[in-house]
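First up is the structure itself, then whatever we jot down about it.
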Amino acid sequence: MKNRRYEGFSLLEVAVALLIFSISVVTIYQLIVSAQVSSQSMKEMVIAREIANNRYAALETIDYPIAPGTRFGTIKMAGQEWLWTEETMSTSMYLNKFSISISHKESEQVIFIREGYFEKR
């Protein structure tokens, strides 16, 4: 009888290697999806902040509120419809307080809020 020596991996070794590989692939996939969702969220936040900054600039220059209260409108930016809501209130003889909130038009979920004060005219 000859001694035969088998070379290669056993079925158990291959199964363990496949298990480790599949766990690694799933973990990397979840990391990529998480980064993509985070990136999309950050993009929306930046766009909403720019819209709020534009509304504040308009508030200070060409679209000064006649009286304290709430105004709202829509704007299209970056291929999406956005809803802005602007609330102004008198706080003193010299200052008004403002709050500008930006949300998606479809979901109405608030993405960004900018608050501050501006001088009365």
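If you're wondering about the labels, chains in the structure tokens are A, B, ... by order shown, residues count from 1 in each chain, ligands from 1 in order shown.
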**OP:** Identify, on the basis of only C-alpha atoms, every residue whose closest approach to Tyr64 in chain A does not exceed 10 Å; exclude the query and any residue fewer than 5 positions from it along the same chain; express the result as JSON, numbers by chain.
**Re:** {"A": [56, 57, 58, 59, 120, 121]}
Please build the interface table for range 78-116 of chain A against range 39-48 of chain A with a cut-off of 9 Å, listing for each qualifying residue the nearest atom pair and the distance in Å to one decimal; count only C-alpha atoms, order rows by chain and increasing number, and write it as a Markdown table.
```
| residue | atom | partner | partner_atom | distance |
| --- | --- | --- | --- | --- |
| A:Ala78 | CA | A:Ile47 | CA | 7.6 |
| A:Trp82 | CA | A:Ala48 | CA | 8.1 |
| A:Ser101 | CA | A:Ala48 | CA | 8.6 |
| A:Ile102 | CA | A:Ala48 | CA | 5.8 |
| A:Ser103 | CA | A:Ala48 | CA | 7.4 |
| A:His104 | CA | A:Ala48 | CA | 8.9 |
| A:Ile111 | CA | A:Met45 | CA | 6.2 |
| A:Phe112 | CA | A:Ala48 | CA | 5.8 |
| A:Ile113 | CA | A:Ala48 | CA | 8.6 |
```
Subject >> All strand (DSSP E) positions in chain A, as a PyMOL selection string >> reply: chain A and resi 69-77+80-90+95-104+110-119
Go ahead and save the residues from that selection, with C-alpha atoms, as a CSV table (one decimal), in the first residue's frame.
```csv
chain,number,residue,atom,x,y,z
A,69,GLY,CA,-45.0,88.0,11.1
A,70,THR,CA,-44.6,84.9,9.0
A,71,ARG,CA,-43.8,84.7,5.3
A,72,PHE,CA,-43.2,81.6,3.2
A,73,GLY,CA,-42.4,80.7,-0.3
A,74,THR,CA,-40.8,78.2,-2.6
A,75,ILE,CA,-37.5,78.2,-4.5
A,76,LYS,CA,-35.9,75.8,-7.0
A,77,MET,CA,-32.3,75.1,-6.3
A,80,GLN,CA,-35.2,70.3,-6.2
A,81,GLU,CA,-38.1,72.3,-4.9
A,82,TRP,CA,-37.5,73.9,-1.4
A,83,LEU,CA,-39.9,75.6,1.0
A,84,TRP,CA,-38.7,78.5,3.1
A,85,THR,CA,-40.5,79.9,6.1
A,86,GLU,CA,-39.5,83.2,7.6
A,87,GLU,CA,-40.7,84.5,10.9
A,88,THR,CA,-39.9,87.9,12.2
A,89,MET,CA,-40.7,89.4,15.6
A,90,SER,CA,-40.0,92.7,17.3
A,95,LEU,CA,-33.9,95.1,16.8
A,96,ASN,CA,-36.1,92.5,15.1
A,97,LYS,CA,-35.5,88.7,15.6
A,98,PHE,CA,-35.7,86.4,12.6
A,99,SER,CA,-36.0,82.7,12.1
A,100,ILE,CA,-35.6,81.2,8.6
A,101,SER,CA,-36.4,77.5,8.2
A,102,ILE,CA,-35.7,75.5,5.0
A,103,SER,CA,-37.4,72.2,4.1
A,104,HIS,CA,-38.1,69.9,1.2
A,110,VAL,CA,-36.9,70.9,8.1
A,111,ILE,CA,-33.3,70.6,7.0
A,112,PHE,CA,-31.8,73.9,8.2
A,113,ILE,CA,-32.8,76.8,10.5
A,114,ARG,CA,-31.1,80.1,10.7
A,115,GLU,CA,-31.9,82.5,13.5
A,116,GLY,CA,-30.6,86.0,14.3
A,117,TYR,CA,-31.3,89.7,14.7
A,118,PHE,CA,-31.4,92.6,12.3
A,119,GLU,CA,-31.7,96.3,12.7
```
